[in-house]
Amino acid sequence: MQKPLSPRIVLHLDMDAFYAAVEQLDHPAYRGKPVVVGADPKGGSGRGVVATCSYEARQFGIHSAMPISQAYRRCPQAVFVFPRFPRYTEISRQVMRLLQEYSPQLLQISIDEAFIDITQTANFHGGAKVLAEKIKARIKNEVGLTASVGVAPNMFIAKVASDLRKPDGLTICAAGQEKNFLAPLPVKKLWGVGPKTEAHLQKMGFSTIGQIAQCPQKLLAEKLGKWGAHLWELANGIDERPVEDWGPRKSISQEHTYDQDVADSKIVEQTIWKIADGLSADMRNADLKGQVLTLKIRLEGFETFTRQRKLPEFTNDAETMRQLALEIFRNFDRRGKKVRLIGLGMSHLNNVGGEQLSLFQTAEQTRRDKVAGLLDAVRAKHGDEAATRASLLEK
Ligand SMILES: [Mg+2]
């Protein structure tokens, strides 16, 4: 009944020095020159920061988020320009449309970055490497810009890979090579590790990802809590999150991770019961109804499965969702394995009433509130920096 677990192929694409590259594309006179996109430097007294700069500007030590006054001091002869977001958005859409031709499973995480899952489509294009080369070539020919690409069995490693050889890079981590690929890299490459956490990890004796991977997960969990257990998973190349749009407009979900894996179906059914209530409340608050229910089950060892069912009508009714979720769960063969996480989601959303726009704003607000709550929790435990990084991961 269940498909055998074959490795996934995830591609991450990141445009090179995006805003600056667009400026050089649109203004041939800027090409080959240091270009700084950001605030007005006002002859060195300007406030505000650098948004993006060209690779030529990077040679002067200029980088994103640097105060614009400092950038000016480092290279007064650079071309300083204001961002033109409508133009960047236009090109971003062009790139995303192109990516979508290679997989319907796309997750855009910023204006110039996206993941696509090419597990099902790579073979039609002569394999993952050829597919990645095709995408890069088309972006060069049709858009006029370069992108760096990472290909790996999951999102975390694909993103690390795309960053390794910039600009115009292509880095592939084959299935089975996850640990070797990550081992020599510094711990700051792990998602969620900023300068403060990096220093903390170094104090604990970890400077490479491989060193974390070799440490018993229990020990990291003892020292750093759930966060430590999560770091261990990333360090070992484990990241099972599917490439799907997490945006509030397309789906809404709730899930529960057990402190200890659960064997008893009755306990899982109780959790489904509670989640259906919570999800229904969230949906009613956000004026949402949905037509496709997804049950997500993660088993011990981190295998993750999703099962979807379409409902005859749009709903946010707890009882309806609960009955369907229980039916799916009871029909799911978990081969005697314990359950680590259970989740319920609704997609194919339609609003109950009012305009789409207000609907989206409400849903967005719900999401923000949730993230806000999560951030408070992380902050309480690990300090602000961890929370900021976690928020990026949570998207
Ligand atoms: Mg980029």
# chains A, B, ... in the order shown; residues from 1 in each chain; ligands from 1
$ closest_atom_pairs --of "chain A" --to "ligand 1" --cutoff "9 Å" --atoms "only C-alpha atoms and all ligand atoms" --output "CSV"
residue,atom,partner,partner_atom_place_in_ligand_line,distance
A:Leu13,CA,ligand 1,1 (Mg),8.3
A:Asp14,CA,ligand 1,1 (Mg),4.6
A:Met15,CA,ligand 1,1 (Mg),4.2
A:Asp16,CA,ligand 1,1 (Mg),4.8
A:Ala17,CA,ligand 1,1 (Mg),5.4
A:Phe18,CA,ligand 1,1 (Mg),5.4
A:Tyr19,CA,ligand 1,1 (Mg),8.6
A:Thr52,CA,ligand 1,1 (Mg),8.9
A:Ser110,CA,ligand 1,1 (Mg),8.7
A:Ile111,CA,ligand 1,1 (Mg),8.4
A:Asp112,CA,ligand 1,1 (Mg),5.5
A:Glu113,CA,ligand 1,1 (Mg),6.3
A:Ala147,CA,ligand 1,1 (Mg),7.8
A:Ser148,CA,ligand 1,1 (Mg),8.2
$ select_by_dssp --residues "stretch 43-292 of chain A" --states "strand (DSSP E or B)" --output "VMD selection string"
chain A and resid 49 to 53 67 79 to 81 106 to 110 113 to 117 147 to 152 170 to 172 186 208 251 to 262 288 to 292
$ atom_distance --atom1 "atom CA of A:Arg322" --atom2 "atom CA of A:Glu269"
9.3 Å
$ atom_distance --atom1 "atom CA of A:Gly38" --atom2 "atom CA of A:Ser92"
18.3 Å
$ select_by_dssp --residues "stretch 73-133 of chain A" --states "helix (DSSP H, G or I)" --output "list in words"
Arg73, Arg74, Phe85, Pro86, Arg87, Tyr88, Thr89, Glu90, Ile91, Ser92, Arg93, Gln94, Val95, Met96, Arg97, Leu98, Leu99, Gln100, Ala122, Asn123, Phe124, His125, Ala128, Lys129, Val130, Leu131, Ala132 and Glu133 of chain A
$ closest_residue --among "A:Ala318, A:Ala71, A:Ile297, A:Val22" --to "A:Val36" --atoms "only C-alpha atoms"
A:Ala71
$ atom_distance --atom1 "atom CA of A:Met155" --atom2 "atom CA of A:Ser6"
15.6 Å
$ residues_around --residues "A:Lys136" --least-positions-apart "3" --cutoff "7 Å" --atoms "only C-alpha atoms" --output "PyMOL selection string"
chain A and resi 132-133+139-140+146-147
